[in-house]
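Chemist: Contents of target-v8.txt (compact mmCIF, C-alpha atoms and all ligand atoms) are below:
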# COMPACT_ATOMS: atom_id res chain seq x y z
CA MET S 3 0.00 0.00 0.00
CA LYS S 4 1.75 3.09 -1.24
CA ILE S 5 0.35 6.57 -1.50
CA LYS S 6 1.53 8.07 -4.76
CA GLU S 7 1.77 11.79 -5.48
CA ASN S 8 0.54 13.73 -8.52
CA ILE S 9 -0.88 10.82 -10.49
CA SER S 10 -2.76 11.43 -13.74
CA LEU S 11 -6.34 10.20 -13.46
CA LYS S 12 -6.71 9.85 -17.25
CA PRO S 13 -6.54 6.01 -17.19
CA TYR S 14 -8.99 5.90 -14.29
CA ASN S 15 -11.98 7.73 -15.80
CA THR S 16 -13.87 6.60 -18.89
CA PHE S 17 -14.21 10.22 -20.09
CA GLY S 18 -10.41 10.15 -20.37
CA ILE S 19 -9.99 13.55 -18.71
CA ASP S 20 -6.40 14.33 -17.77
CA VAL S 21 -6.35 15.82 -14.27
CA LEU S 22 -3.99 15.06 -11.41
CA ALA S 23 -4.68 13.39 -8.09
CA LYS S 24 -2.48 15.02 -5.47
CA HIS S 25 -2.53 11.75 -3.50
CA PHE S 26 -3.57 8.38 -4.95
CA VAL S 27 -3.74 4.88 -3.57
CA SER S 28 -5.00 1.64 -5.09
CA VAL S 29 -6.35 -0.81 -2.54
CA SER S 30 -6.78 -4.55 -3.10
CA ASN S 31 -7.96 -5.87 0.25
CA LEU S 32 -10.23 -4.81 3.06
CA ASP S 33 -7.52 -4.53 5.73
CA GLU S 34 -5.56 -2.14 3.51
CA LEU S 35 -8.71 -0.11 2.98
CA LYS S 36 -9.31 0.11 6.74
CA ASN S 37 -5.69 1.15 7.32
CA ILE S 38 -5.99 3.90 4.71
CA LEU S 39 -8.95 5.35 6.55
CA LEU S 40 -6.89 5.47 9.75
CA LEU S 41 -4.17 7.62 8.17
CA LYS S 42 -4.00 11.17 9.46
CA GLY S 43 -3.51 14.09 7.11
CA TYR S 44 -6.07 13.19 4.42
CA PRO S 45 -9.35 14.68 5.59
CA ASP S 46 -10.96 14.52 2.14
CA LYS S 47 -11.30 11.30 0.19
CA LEU S 48 -12.51 10.55 -3.31
CA ILE S 49 -13.61 6.96 -3.86
CA LEU S 50 -12.87 5.70 -7.34
CA GLY S 51 -14.40 2.56 -8.84
CA GLY S 52 -14.48 2.13 -12.60
CA GLY S 53 -14.52 5.92 -13.11
CA SER S 54 -17.43 5.51 -15.50
CA ASN S 55 -19.89 7.94 -13.98
CA MET S 56 -17.80 11.01 -13.31
CA LEU S 57 -16.67 14.17 -15.03
CA LEU S 58 -13.42 15.45 -13.58
CA THR S 59 -13.23 19.21 -14.02
CA LYS S 60 -10.13 19.99 -11.94
CA ASN S 61 -7.07 18.52 -10.21
CA GLN S 62 -8.19 16.55 -7.17
CA GLU S 63 -6.88 17.65 -3.79
CA ALA S 64 -8.56 14.77 -1.92
CA LEU S 65 -6.87 11.40 -1.35
CA VAL S 66 -8.11 9.33 -4.30
CA ILE S 67 -8.79 5.75 -3.17
CA HIS S 68 -9.00 3.32 -6.08
CA VAL S 69 -11.09 0.38 -4.89
CA ASN S 70 -9.54 -2.70 -6.47
CA LEU S 71 -11.08 -5.48 -4.35
CA LYS S 72 -11.41 -8.60 -6.52
CA GLY S 73 -13.26 -11.90 -6.18
CA ILE S 74 -16.55 -13.56 -7.10
CA PHE S 75 -18.00 -16.22 -4.80
CA ILE S 76 -20.99 -18.58 -4.90
CA ILE S 77 -22.51 -18.27 -1.44
CA SER S 78 -25.32 -20.81 -1.73
CA GLU S 79 -27.57 -22.40 -4.30
CA ASP S 80 -30.64 -24.52 -4.70
CA GLU S 81 -32.34 -26.00 -7.75
CA ASN S 82 -33.68 -22.71 -9.06
CA SER S 83 -31.42 -19.97 -7.84
CA VAL S 84 -27.95 -19.05 -6.71
CA ILE S 85 -26.62 -16.40 -4.38
CA VAL S 86 -23.44 -14.80 -5.72
CA LYS S 87 -21.26 -12.24 -4.00
CA ALA S 88 -18.87 -10.08 -6.02
CA ASN S 89 -16.26 -7.75 -4.62
CA ALA S 90 -16.49 -4.08 -5.48
CA GLY S 91 -13.44 -3.86 -7.76
CA GLU S 92 -14.70 -6.47 -10.24
CA ASN S 93 -15.44 -4.94 -13.63
CA TRP S 94 -19.22 -5.01 -14.11
CA HIS S 95 -19.26 -6.50 -17.61
CA GLU S 96 -16.66 -9.16 -16.66
CA PHE S 97 -18.98 -10.09 -13.81
CA VAL S 98 -21.96 -10.35 -16.20
CA LEU S 99 -19.88 -12.62 -18.46
CA TRP S 100 -18.85 -14.77 -15.48
CA CYS S 101 -22.56 -15.22 -14.63
CA LEU S 102 -23.40 -16.08 -18.24
CA ASN S 103 -20.59 -18.65 -18.35
CA HIS S 104 -22.12 -20.29 -15.29
CA ASP S 105 -25.60 -19.98 -16.88
CA PHE S 106 -26.79 -17.70 -14.05
CA GLY S 107 -29.56 -15.39 -15.26
CA GLY S 108 -30.96 -11.99 -14.33
CA ILE S 109 -28.34 -9.45 -15.33
CA GLU S 110 -27.88 -10.31 -19.03
CA ASN S 111 -29.72 -7.10 -20.06
CA LEU S 112 -27.09 -5.16 -18.13
CA SER S 113 -24.29 -6.42 -20.39
CA LEU S 114 -21.55 -4.00 -21.42
CA ILE S 115 -22.42 -1.28 -18.90
CA PRO S 116 -19.11 0.35 -18.01
CA GLY S 117 -17.98 0.59 -14.40
CA ASN S 118 -17.41 -1.76 -11.48
CA VAL S 119 -19.62 -3.94 -9.31
CA GLY S 120 -19.15 -1.68 -6.29
CA THR S 121 -20.46 1.43 -7.98
CA ALA S 122 -23.42 -0.30 -9.65
CA PRO S 123 -25.79 0.07 -6.65
CA ILE S 124 -25.01 3.76 -6.16
CA GLN S 125 -27.02 4.77 -9.19
CA ASN S 126 -28.96 1.50 -9.54
CA ILE S 127 -27.63 0.90 -13.05
CA GLY S 128 -30.29 -0.04 -15.56
CA ALA S 129 -30.82 -0.81 -19.22
CA TYR S 130 -33.38 -2.46 -21.51
CA GLY S 131 -36.08 -2.92 -18.92
CA VAL S 132 -33.86 -4.27 -16.10
CA GLU S 133 -32.30 -2.52 -13.12
CA LEU S 134 -29.66 -3.67 -10.68
CA LYS S 135 -32.25 -3.67 -7.89
CA ASP S 136 -34.11 -6.57 -9.56
CA THR S 137 -31.41 -9.10 -8.59
CA PHE S 138 -29.78 -7.19 -5.73
CA ILE S 139 -29.93 -8.87 -2.31
CA ALA S 140 -27.50 -6.81 -0.23
CA CYS S 141 -24.24 -4.92 -0.22
CA GLU S 142 -21.61 -4.12 2.35
CA GLY S 143 -20.04 -0.74 2.83
CA LEU S 144 -17.11 0.44 4.91
CA SER S 145 -18.11 3.52 6.88
CA LEU S 146 -15.67 6.38 6.35
CA GLU S 147 -16.66 7.67 9.75
CA SER S 148 -16.49 4.57 11.98
CA ASN S 149 -14.22 2.35 9.82
CA THR S 150 -16.64 -0.55 10.33
CA ILE S 151 -18.60 -2.60 7.82
CA LYS S 152 -22.32 -2.10 7.53
CA SER S 153 -24.68 -4.34 5.57
CA PHE S 154 -27.48 -2.81 3.45
CA SER S 155 -30.52 -4.80 2.35
CA ARG S 156 -32.46 -3.94 -0.79
CA ALA S 157 -35.03 -2.06 1.30
CA ASP S 158 -32.25 -0.11 3.06
CA CYS S 159 -30.93 1.08 -0.30
CA ASN S 160 -34.19 2.79 -1.28
CA PHE S 161 -33.52 2.22 -4.98
CA GLY S 162 -35.18 4.42 -7.60
CA TYR S 163 -34.49 5.37 -11.21
CA ARG S 164 -30.70 5.99 -11.27
CA ASN S 165 -30.95 6.55 -7.53
CA SER S 166 -30.24 5.01 -4.10
CA ILE S 167 -29.43 6.14 -0.54
CA PHE S 168 -25.81 6.31 -1.67
CA LYS S 169 -26.80 9.34 -3.77
CA GLN S 170 -29.04 10.72 -1.01
CA HIS S 171 -28.42 10.95 2.72
CA GLU S 172 -25.61 8.35 2.75
CA LYS S 173 -23.76 10.08 -0.09
CA GLY S 174 -19.99 9.89 0.36
CA LYS S 175 -20.29 8.09 3.70
CA TYR S 176 -19.51 4.50 2.66
CA ILE S 177 -17.13 2.65 0.42
CA ILE S 178 -19.12 -0.25 -1.01
CA THR S 179 -16.93 -3.34 -0.67
CA ASN S 180 -19.11 -6.09 -2.15
CA VAL S 181 -22.55 -6.77 -3.62
CA THR S 182 -24.69 -9.92 -3.32
CA PHE S 183 -27.13 -10.99 -6.04
CA LYS S 184 -29.81 -13.64 -6.39
CA LEU S 185 -29.68 -15.10 -9.89
CA SER S 186 -31.70 -17.75 -11.66
CA LYS S 187 -30.51 -21.21 -12.69
CA GLU S 188 -31.82 -23.23 -15.61
CA THR S 189 -35.31 -21.71 -15.78
CA HIS S 190 -34.63 -18.10 -16.60
CA LYS S 191 -37.15 -15.30 -16.75
CA LEU S 192 -36.17 -13.24 -19.78
CA ASN S 193 -36.86 -9.53 -20.21
CA ILE S 194 -37.04 -9.09 -23.94
CA ASN S 195 -39.99 -6.77 -24.34
CA TYR S 196 -37.90 -3.64 -24.66
CA GLY S 197 -38.42 -2.58 -28.29
CA SER S 198 -34.86 -2.65 -29.51
CA ILE S 199 -34.16 -6.09 -27.96
CA THR S 200 -37.13 -7.64 -29.75
CA SER S 201 -36.02 -6.24 -33.11
CA GLN S 202 -32.37 -7.14 -32.53
CA LEU S 203 -33.31 -10.77 -31.73
CA GLU S 204 -35.44 -10.86 -34.88
CA LEU S 205 -32.49 -9.55 -36.85
CA MET S 206 -30.36 -12.32 -35.34
CA GLN S 207 -33.15 -14.78 -36.31
CA ILE S 208 -33.49 -16.01 -32.73
CA THR S 209 -36.99 -16.98 -31.66
CA SER S 210 -36.48 -18.58 -28.24
CA PRO S 211 -33.36 -16.92 -26.88
CA THR S 212 -31.04 -18.09 -24.12
CA ILE S 213 -29.67 -15.59 -21.60
CA GLN S 214 -26.40 -15.68 -23.52
CA GLU S 215 -28.23 -14.69 -26.72
CA VAL S 216 -30.08 -11.87 -24.94
CA SER S 217 -26.68 -10.61 -23.77
CA LYS S 218 -25.37 -10.78 -27.37
CA ALA S 219 -28.40 -8.77 -28.56
CA VAL S 220 -27.84 -6.14 -25.86
CA ILE S 221 -24.16 -5.93 -26.74
CA ALA S 222 -25.02 -5.45 -30.43
CA ILE S 223 -27.50 -2.65 -29.62
CA ARG S 224 -25.10 -0.90 -27.27
CA GLU S 225 -22.20 -1.18 -29.71
CA SER S 226 -24.33 0.36 -32.47
CA LYS S 227 -25.47 3.33 -30.36
CA LEU S 228 -22.98 3.98 -27.60
CA PRO S 229 -19.33 4.87 -28.12
CA ASN S 230 -16.74 2.50 -26.66
CA PRO S 231 -14.95 4.52 -23.94
CA LYS S 232 -11.67 2.85 -24.96
CA GLU S 233 -12.00 4.60 -28.32
CA ILE S 234 -13.98 7.78 -27.52
CA GLY S 235 -14.04 9.07 -23.96
CA ASN S 236 -17.54 9.17 -22.48
CA SER S 237 -19.55 8.42 -19.41
CA GLY S 238 -22.65 6.80 -20.88
CA SER S 239 -25.81 8.83 -20.46
CA PHE S 240 -24.70 12.25 -19.25
CA PHE S 241 -28.24 13.24 -18.25
CA LYS S 242 -31.14 11.45 -16.59
CA ASN S 243 -34.40 11.16 -18.49
CA PRO S 244 -36.68 13.87 -17.04
CA ILE S 245 -40.10 13.19 -15.56
CA VAL S 246 -42.77 15.82 -16.30
CA SER S 247 -46.38 16.26 -15.23
CA LYS S 248 -49.15 15.01 -17.50
CA ALA S 249 -50.33 18.60 -17.96
CA HIS S 250 -46.87 19.66 -19.11
CA TYR S 251 -46.68 16.70 -21.48
CA ASN S 252 -50.11 17.57 -22.93
CA THR S 253 -48.93 21.06 -23.86
CA LEU S 254 -45.68 19.75 -25.35
CA VAL S 255 -47.41 17.17 -27.49
CA GLN S 256 -49.40 19.91 -29.24
CA ASN S 257 -46.18 21.25 -30.73
CA PHE S 258 -44.20 18.03 -30.89
CA LYS S 259 -46.49 15.23 -32.01
CA ASP S 260 -43.72 12.60 -32.14
CA ILE S 261 -42.42 13.08 -28.60
CA PRO S 262 -41.60 9.64 -27.12
CA ASN S 263 -43.08 9.12 -23.67
CA TYR S 264 -43.33 6.50 -20.91
CA THR S 265 -46.06 6.65 -18.31
CA ILE S 266 -44.58 6.50 -14.81
CA SER S 267 -47.74 7.14 -12.80
CA GLU S 268 -51.14 8.74 -13.27
CA ASP S 269 -49.60 12.21 -13.36
CA GLU S 270 -46.01 11.53 -14.38
CA ILE S 271 -44.51 11.00 -17.82
CA LYS S 272 -40.87 10.22 -18.54
CA ILE S 273 -39.44 11.78 -21.68
CA PRO S 274 -36.13 10.62 -23.19
CA ALA S 275 -33.55 13.38 -22.74
CA GLY S 276 -31.82 12.04 -25.86
CA TRP S 277 -34.87 13.00 -27.93
CA LEU S 278 -35.02 16.51 -26.42
CA ILE S 279 -31.30 17.05 -27.06
CA GLU S 280 -31.63 15.79 -30.63
CA LYS S 281 -34.65 18.01 -31.23
CA ALA S 282 -32.65 20.97 -29.89
CA GLY S 283 -30.10 20.33 -32.64
CA PHE S 284 -27.15 19.12 -30.56
CA LYS S 285 -26.92 15.52 -31.74
CA GLY S 286 -23.58 14.87 -33.46
CA LYS S 287 -22.36 18.46 -32.85
CA ARG S 288 -18.62 18.62 -32.36
CA PHE S 289 -16.77 21.51 -30.74
CA GLY S 290 -13.06 20.81 -31.16
CA ASP S 291 -12.18 17.89 -28.96
CA TYR S 292 -15.60 17.41 -27.39
CA GLY S 293 -19.23 17.15 -28.41
CA VAL S 294 -22.49 15.22 -28.46
CA HIS S 295 -22.35 11.65 -29.79
CA LYS S 296 -23.75 11.12 -33.29
CA ASN S 297 -25.80 8.00 -32.47
CA GLN S 298 -27.11 8.82 -28.99
CA ALA S 299 -27.61 12.45 -27.98
CA LEU S 300 -27.59 11.59 -24.27
CA VAL S 301 -23.89 10.87 -24.45
CA LEU S 302 -21.31 13.66 -24.33
CA VAL S 303 -17.90 12.68 -25.66
CA ASN S 304 -14.21 13.53 -25.40
CA TYR S 305 -12.51 13.02 -28.76
CA GLY S 306 -9.03 13.37 -27.30
CA ASN S 307 -7.80 16.12 -25.05
CA ALA S 308 -11.00 17.85 -23.96
CA LYS S 309 -11.02 19.51 -20.56
CA GLY S 310 -13.67 18.51 -18.05
CA SER S 311 -14.71 22.16 -17.87
CA ASP S 312 -15.34 22.21 -21.67
CA ILE S 313 -17.73 19.27 -21.32
CA LEU S 314 -19.33 20.80 -18.23
CA ASN S 315 -19.97 24.07 -20.12
CA LEU S 316 -21.49 22.16 -23.04
CA SER S 317 -23.77 20.30 -20.61
CA LYS S 318 -24.90 23.63 -19.14
CA LEU S 319 -25.62 25.03 -22.60
CA ILE S 320 -27.69 21.93 -23.40
CA GLN S 321 -29.60 22.26 -20.10
CA LYS S 322 -30.33 25.94 -20.77
CA THR S 323 -31.51 25.26 -24.31
CA ILE S 324 -33.80 22.39 -23.26
CA LYS S 325 -35.27 24.60 -20.54
CA ARG S 326 -35.91 27.39 -23.05
CA LEU S 327 -37.39 25.16 -25.76
CA PHE S 328 -39.40 22.71 -23.68
CA GLY S 329 -39.60 24.20 -20.17
CA ILE S 330 -37.92 21.03 -18.86
CA SER S 331 -34.94 20.92 -16.50
CA ILE S 332 -32.67 17.98 -17.28
CA GLU S 333 -30.35 16.81 -14.54
CA ALA S 334 -26.83 15.43 -14.97
CA GLU S 335 -26.55 11.73 -14.21
CA VAL S 336 -22.77 11.79 -13.85
CA ASN S 337 -20.99 13.18 -10.80
CA ILE S 338 -19.22 16.46 -11.51
CA LEU S 339 -15.99 16.63 -9.52
N1 LIG S 401 -33.82 9.09 -28.69
C1 LIG S 401 -33.73 10.08 -29.66
N2 LIG S 401 -32.50 10.58 -29.95
C2 LIG S 401 -31.38 10.15 -29.34
C3 LIG S 401 -31.48 9.16 -28.35
C4 LIG S 401 -32.72 8.64 -28.03
O1 LIG S 401 -34.73 10.49 -30.25
O2 LIG S 401 -30.29 10.65 -29.68
C5 LIG S 401 -35.15 8.49 -28.44
C6 LIG S 401 -35.22 7.10 -29.07
O3 LIG S 401 -35.64 7.16 -30.37
C7 LIG S 401 -36.22 6.40 -28.20
C8 LIG S 401 -35.99 7.00 -26.85
O4 LIG S 401 -35.31 8.24 -27.06
O5 LIG S 401 -37.52 6.69 -28.60
C9 LIG S 401 -35.23 6.11 -25.89
O6 LIG S 401 -33.95 5.83 -26.41
P1 LIG S 401 -33.05 4.61 -25.87
O7 LIG S 401 -33.81 3.35 -25.91
O8 LIG S 401 -31.74 4.68 -26.60
O9 LIG S 401 -32.86 4.91 -24.35
P2 LIG S 401 -32.56 6.23 -23.51
O10 LIG S 401 -33.76 6.57 -22.74
O11 LIG S 401 -31.98 7.27 -24.40
C10 LIG S 401 -31.84 4.88 -21.38
C11 LIG S 401 -30.70 4.84 -20.42
C12 LIG S 401 -29.49 4.13 -21.01
C13 LIG S 401 -29.92 2.71 -21.38
C14 LIG S 401 -31.09 2.79 -22.37
C15 LIG S 401 -31.65 1.44 -22.71
C16 LIG S 401 -30.97 6.79 -19.01
C17 LIG S 401 -30.46 8.14 -18.65
N3 LIG S 401 -30.34 6.18 -20.00
O12 LIG S 401 -31.43 5.68 -22.49
O13 LIG S 401 -28.49 4.04 -19.99
O14 LIG S 401 -28.84 2.01 -21.97
O15 LIG S 401 -32.18 3.56 -21.77
O16 LIG S 401 -32.33 0.92 -21.61
O17 LIG S 401 -31.92 6.32 -18.40
C18 LIG S 401 -26.53 5.00 -19.06
O18 LIG S 401 -27.18 5.17 -18.03
O19 LIG S 401 -25.32 5.35 -19.16
C19 LIG S 401 -27.19 4.42 -20.24
C20 LIG S 401 -26.57 4.32 -21.42
Could you take the file, read its structure, and then write that structure out as C-alpha cells?
Ligand code: EPU
Modeler:
Amino acid sequence: MKIKENISLKPYNTFGIDVLAKHFVSVSNLDELKNILLLKGYPDKLILGGGSNMLLTKNQEALVIHVNLKGIFIISEDENSVIVKANAGENWHEFVLWCLNHDFGGIENLSLIPGNVGTAPIQNIGAYGVELKDTFIACEGLSLESNTIKSFSRADCNFGYRNSIFKQHEKGKYIITNVTFKLSKETHKLNINYGSITSQLELMQITSPTIQEVSKAVIAIRESKLPNPKEIGNSGSFFKNPIVSKAHYNTLVQNFKDIPNYTISEDEIKIPAGWLIEKAGFKGKRFGDYGVHKNQALVLVNYGNAKGSDILNLSKLIQKTIKRLFGISIEAEVNIL
C-alpha cells in the first residue's frame, strides 16, 4: 500500500480527462482499505471505482482511493437460484460474463455497462427494462466515519431510477466493498420486451433466446449506439431522463407530435432526454475535442484532449436550451468533480 503523489487520473476515468490526483492509492484488500482510513492528514477522500460515472473538471486535492477489491463467490444455491457475491473492484461486464458462463440469469440485459460492481448500486444501473435492484440482495459498505462494515438490504438502499441512498443521505459516507445478487438457474425469466431487444433478436433470427443470446443482442445494440470509452471518452448517459407532469406533457405534445413518452404514474410521464437534445439540434455536434455523440444524444464525448470544464460548459448550454425550448430541466446523471 503506497500513497503516490501527482498521479494522472486519465486512465482511471472513462471520459479520459487528464487531471492530477495530489494523493492516490489503489487498494486490493479490506484490511488495507481500513488502514488507509486510519491515516492522518487526508481529511478529504474521493472513492474511485471504474470511473465511468464522473466528469473530472479539476485537479483533485482529496486522497483518491482506487477500490480494487477482486473476487466472485458462490454463497449458496438450490435447484432454481444461486446467491453470488462479487467484490467491489470487479469490472461489471466481466462479472456479467462470469454469470453467463455459469448460466446464471438476471443481469444479461445489463451487459456492457461500463464501471465496477461496487459502484453499480449507487445509481442502480439499468438498461433495456432491467435494473440492478431486480437481482440485488445486499451490499456491504465500509463507513468512512467509523471504519466498520455495515450491511445494506435492498429495502435499506431505497432504490429508484438511477438513484439510491448512496446518492441521497448516505452520499460519500460509505465505500461499497461487495454486492450480493440472487440469480436464476436453468429456468430463466427473460426480459425481452424492450423494443430494440425484440427487433435485434429478430435480426439475429433467434426466436427462443437463451440468456447468452439476450446478452449478445444487448451488446449489439449498445455497440451500435454507444461509443466504446476505450475509443472515444464518455460516461454513458450524461443526463437522466426527465419526468414531467401530465399537464406539461399535454402542452408539449401539441407542438411536438412525435415526442416519445413513458407513463410512470397517473400524473407523471418520462421523456427521453436524448430525444429533447436531438430536437434541440445538438446531436452529433462537435466543438473541437468534445461534443455530443452522433448516435445517442444523451452521451457527451471527449474526442481526445477535452477539458472537463469544456464538457461541463457544453452540458450547461444543453440544459439551458432544453429549458428554453421545452420548459424542462434535465439533470446530470454523472458526478461532476
Ligand atoms: N432518442 C432520440 N435521440 C437520441 C437518443 C434517443 O430520439 O439521440 C429516443 C429514441 O428514439 C427512443 C428514446 O429516445 O424513442 C429512448 O432511447 P433509448 O432506448 O436509446 O434509451 P434512452 O432513454 O436514451 C436509457 C438509459 C441508457 C440505457 C437505455 C436502454 C438513461 C439516462 N439512459 O437511455 O443508460 O442504456 O435507456 O435501456 O436512463 C446510461 O445510463 O449510461 C445508459 C446508457
Chemist: Show which residues sit within 9 Å of His68 (chain S), as a PyMOL selection string. Count only C-alpha atoms, and ignore same-chain residues fewer than 2 positions away.
Modeler: chain S and resi 14+26-30+48-52+66+70+91
Chemist: I'd like the neighbourhood of Thr253 (chain S) as a list in words, where a residue qualifies if any of its atoms comes within 10 Å (using only C-alpha atoms), though same-chain residues fewer than 5 positions away should be ignored.
Modeler: Lys248, Phe258 and Phe328 of chain S
Chemist: Just write the chosen residues, C-alpha atoms, as a PDB file, in the coordinates of the input.
Modeler:
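As a result, result.pdb now contains:
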ATOM      1  CA  LYS S 248     -49.150  15.010 -17.500  1.00  0.00           C
ATOM      2  CA  PHE S 258     -44.200  18.030 -30.890  1.00  0.00           C
ATOM      3  CA  PHE S 328     -39.400  22.710 -23.680  1.00  0.00           C
TER       4      PHE S 328
END
Chemist: Select, from S:Ile151, S:Ala219, S:Leu278, S:Ile266, the residue with the minimum atom-to-atom distance to ligand LIG 401 (chain S), counting all atoms listed in the file.
Modeler: S:Leu278
Chemist: List as a PyMOL selection string the protein and nucleic acid residues near region 225-236 of chain S, meaning an atom at most 6 Å away when all atoms listed in the file are counted, but skip any in the same chain fewer than 4 places from it.
Modeler: chain S and resi 16-18+221+297-298+303-305
Chemist: So which one's closest to ligand LIG 401 (chain S), S:Ile245, S:Ala308, S:Ile208, S:Leu41? Using only C-alpha atoms and all ligand atoms, please.
Modeler: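 The shortest atom-to-atom distance to ligand LIG 401 (chain S) comes from S:Ile245.
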Chemist: Tell me which of S:Arg224, S:Arg326, S:Lys259, S:Arg288 sits closest to ligand LIG 401 (chain S), counting only C-alpha atoms and all ligand atoms.
Modeler: S:Arg224
Chemist: For CA of Ser247 (chain S) and CA of Asn263 (chain S), quote the distance in Å rounded to one decimal.
Modeler: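 Taking CA of Ser247 (chain S) and CA of Asn263 (chain S), their separation equals 11.5 Å.
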Chemist: Give me the residues near region 174-182 of chain S as a list in words, where near means some atom within 8 Å (using all atoms listed in the file) and where sequence neighbours in that chain fewer than 6 positions away do not count.
Modeler: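 Listing them by chain and then by number gives Leu32, Ile49, Leu71, Ile85, Val86, Lys87, Ala88, Asn89, Ala90, Gly91, Val119, Gly120, Thr121, Phe138, Ile139, Ala140, Cys141, Glu142, Gly143, Leu144, Ser145, Leu146, Glu147 and Phe168 of chain S.
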Chemist: Looking at S:Gly306, S:Pro262, S:Gly73, S:Pro211, which one is nearest to ligand LIG 401 (chain S), with distances taken over all atoms listed in the file?
Modeler: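 That would be S:Pro262, the residue with the smallest distance to ligand LIG 401 (chain S).
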Chemist: Would you work out the distance separating atom P2 of ligand LIG 401 (chain S) from CA of Ile273 (chain S), expressed in Å to one decimal?
Modeler: 9.0 Å
Chemist: So how far away is CA of Thr323 (chain S) from CA of Tyr163 (chain S), in Å?
Modeler: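 Distance reported for this atom pair: 24.0 Å.
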Chemist: Output region 92-109 of chain S with N, CA and C atoms present, as a PDB file, keeping the file's coordinate frame.
Modeler:
ATOM      1  N   GLU S  92     -14.479  -5.680  -9.012  1.00  0.00           N
ATOM      2  CA  GLU S  92     -14.700  -6.470 -10.240  1.00  0.00           C
ATOM      3  C   GLU S  92     -15.328  -5.581 -11.303  1.00  0.00           C
ATOM      4  N   ASN S  93     -14.833  -5.686 -12.525  1.00  0.00           N
ATOM      5  CA  ASN S  93     -15.440  -4.940 -13.630  1.00  0.00           C
ATOM      6  C   ASN S  93     -16.855  -5.486 -13.867  1.00  0.00           C
ATOM      7  N   TRP S  94     -17.825  -4.569 -13.996  1.00  0.00           N
ATOM      8  CA  TRP S  94     -19.220  -5.010 -14.110  1.00  0.00           C
ATOM      9  C   TRP S  94     -19.443  -5.995 -15.253  1.00  0.00           C
ATOM     10  N   HIS S  95     -18.978  -5.642 -16.450  1.00  0.00           N
ATOM     11  CA  HIS S  95     -19.260  -6.500 -17.610  1.00  0.00           C
ATOM     12  C   HIS S  95     -18.572  -7.868 -17.462  1.00  0.00           C
ATOM     13  N   GLU S  96     -17.345  -7.871 -16.900  1.00  0.00           N
ATOM     14  CA  GLU S  96     -16.660  -9.160 -16.660  1.00  0.00           C
ATOM     15  C   GLU S  96     -17.505 -10.018 -15.720  1.00  0.00           C
ATOM     16  N   PHE S  97     -18.119  -9.368 -14.751  1.00  0.00           N
ATOM     17  CA  PHE S  97     -18.980 -10.090 -13.810  1.00  0.00           C
ATOM     18  C   PHE S  97     -20.201 -10.673 -14.539  1.00  0.00           C
ATOM     19  N   VAL S  98     -20.805  -9.864 -15.415  1.00  0.00           N
ATOM     20  CA  VAL S  98     -21.960 -10.350 -16.200  1.00  0.00           C
ATOM     21  C   VAL S  98     -21.528 -11.583 -17.003  1.00  0.00           C
ATOM     22  N   LEU S  99     -20.351 -11.497 -17.642  1.00  0.00           N
ATOM     23  CA  LEU S  99     -19.880 -12.620 -18.460  1.00  0.00           C
ATOM     24  C   LEU S  99     -19.619 -13.864 -17.597  1.00  0.00           C
ATOM     25  N   TRP S 100     -19.077 -13.652 -16.409  1.00  0.00           N
ATOM     26  CA  TRP S 100     -18.850 -14.770 -15.480  1.00  0.00           C
ATOM     27  C   TRP S 100     -20.190 -15.461 -15.182  1.00  0.00           C
ATOM     28  N   CYS S 101     -21.223 -14.655 -14.917  1.00  0.00           N
ATOM     29  CA  CYS S 101     -22.560 -15.220 -14.630  1.00  0.00           C
ATOM     30  C   CYS S 101     -23.090 -15.982 -15.845  1.00  0.00           C
ATOM     31  N   LEU S 102     -22.902 -15.411 -17.036  1.00  0.00           N
ATOM     32  CA  LEU S 102     -23.400 -16.080 -18.240  1.00  0.00           C
ATOM     33  C   LEU S 102     -22.654 -17.396 -18.480  1.00  0.00           C
ATOM     34  N   ASN S 103     -21.358 -17.406 -18.197  1.00  0.00           N
ATOM     35  CA  ASN S 103     -20.590 -18.650 -18.350  1.00  0.00           C
ATOM     36  C   ASN S 103     -21.069 -19.731 -17.403  1.00  0.00           C
ATOM     37  N   HIS S 104     -21.582 -19.316 -16.249  1.00  0.00           N
ATOM     38  CA  HIS S 104     -22.120 -20.290 -15.290  1.00  0.00           C
ATOM     39  C   HIS S 104     -23.611 -20.546 -15.528  1.00  0.00           C
ATOM     40  N   ASP S 105     -24.161 -19.913 -16.575  1.00  0.00           N
ATOM     41  CA  ASP S 105     -25.600 -19.980 -16.880  1.00  0.00           C
ATOM     42  C   ASP S 105     -26.462 -19.466 -15.723  1.00  0.00           C
ATOM     43  N   PHE S 106     -26.005 -18.373 -15.087  1.00  0.00           N
ATOM     44  CA  PHE S 106     -26.790 -17.700 -14.050  1.00  0.00           C
ATOM     45  C   PHE S 106     -27.482 -16.492 -14.698  1.00  0.00           C
ATOM     46  N   GLY S 107     -28.802 -16.426 -14.541  1.00  0.00           N
ATOM     47  CA  GLY S 107     -29.560 -15.390 -15.260  1.00  0.00           C
ATOM     48  C   GLY S 107     -30.056 -14.260 -14.387  1.00  0.00           C
ATOM     49  N   GLY S 108     -30.350 -13.127 -15.029  1.00  0.00           N
ATOM     50  CA  GLY S 108     -30.960 -11.990 -14.330  1.00  0.00           C
ATOM     51  C   GLY S 108     -30.296 -10.661 -14.658  1.00  0.00           C
ATOM     52  N   ILE S 109     -29.013 -10.727 -15.059  1.00  0.00           N
ATOM     53  CA  ILE S 109     -28.340  -9.450 -15.330  1.00  0.00           C
ATOM     54  C   ILE S 109     -27.849  -9.361 -16.782  1.00  0.00           C
TER      55      ILE S 109
END
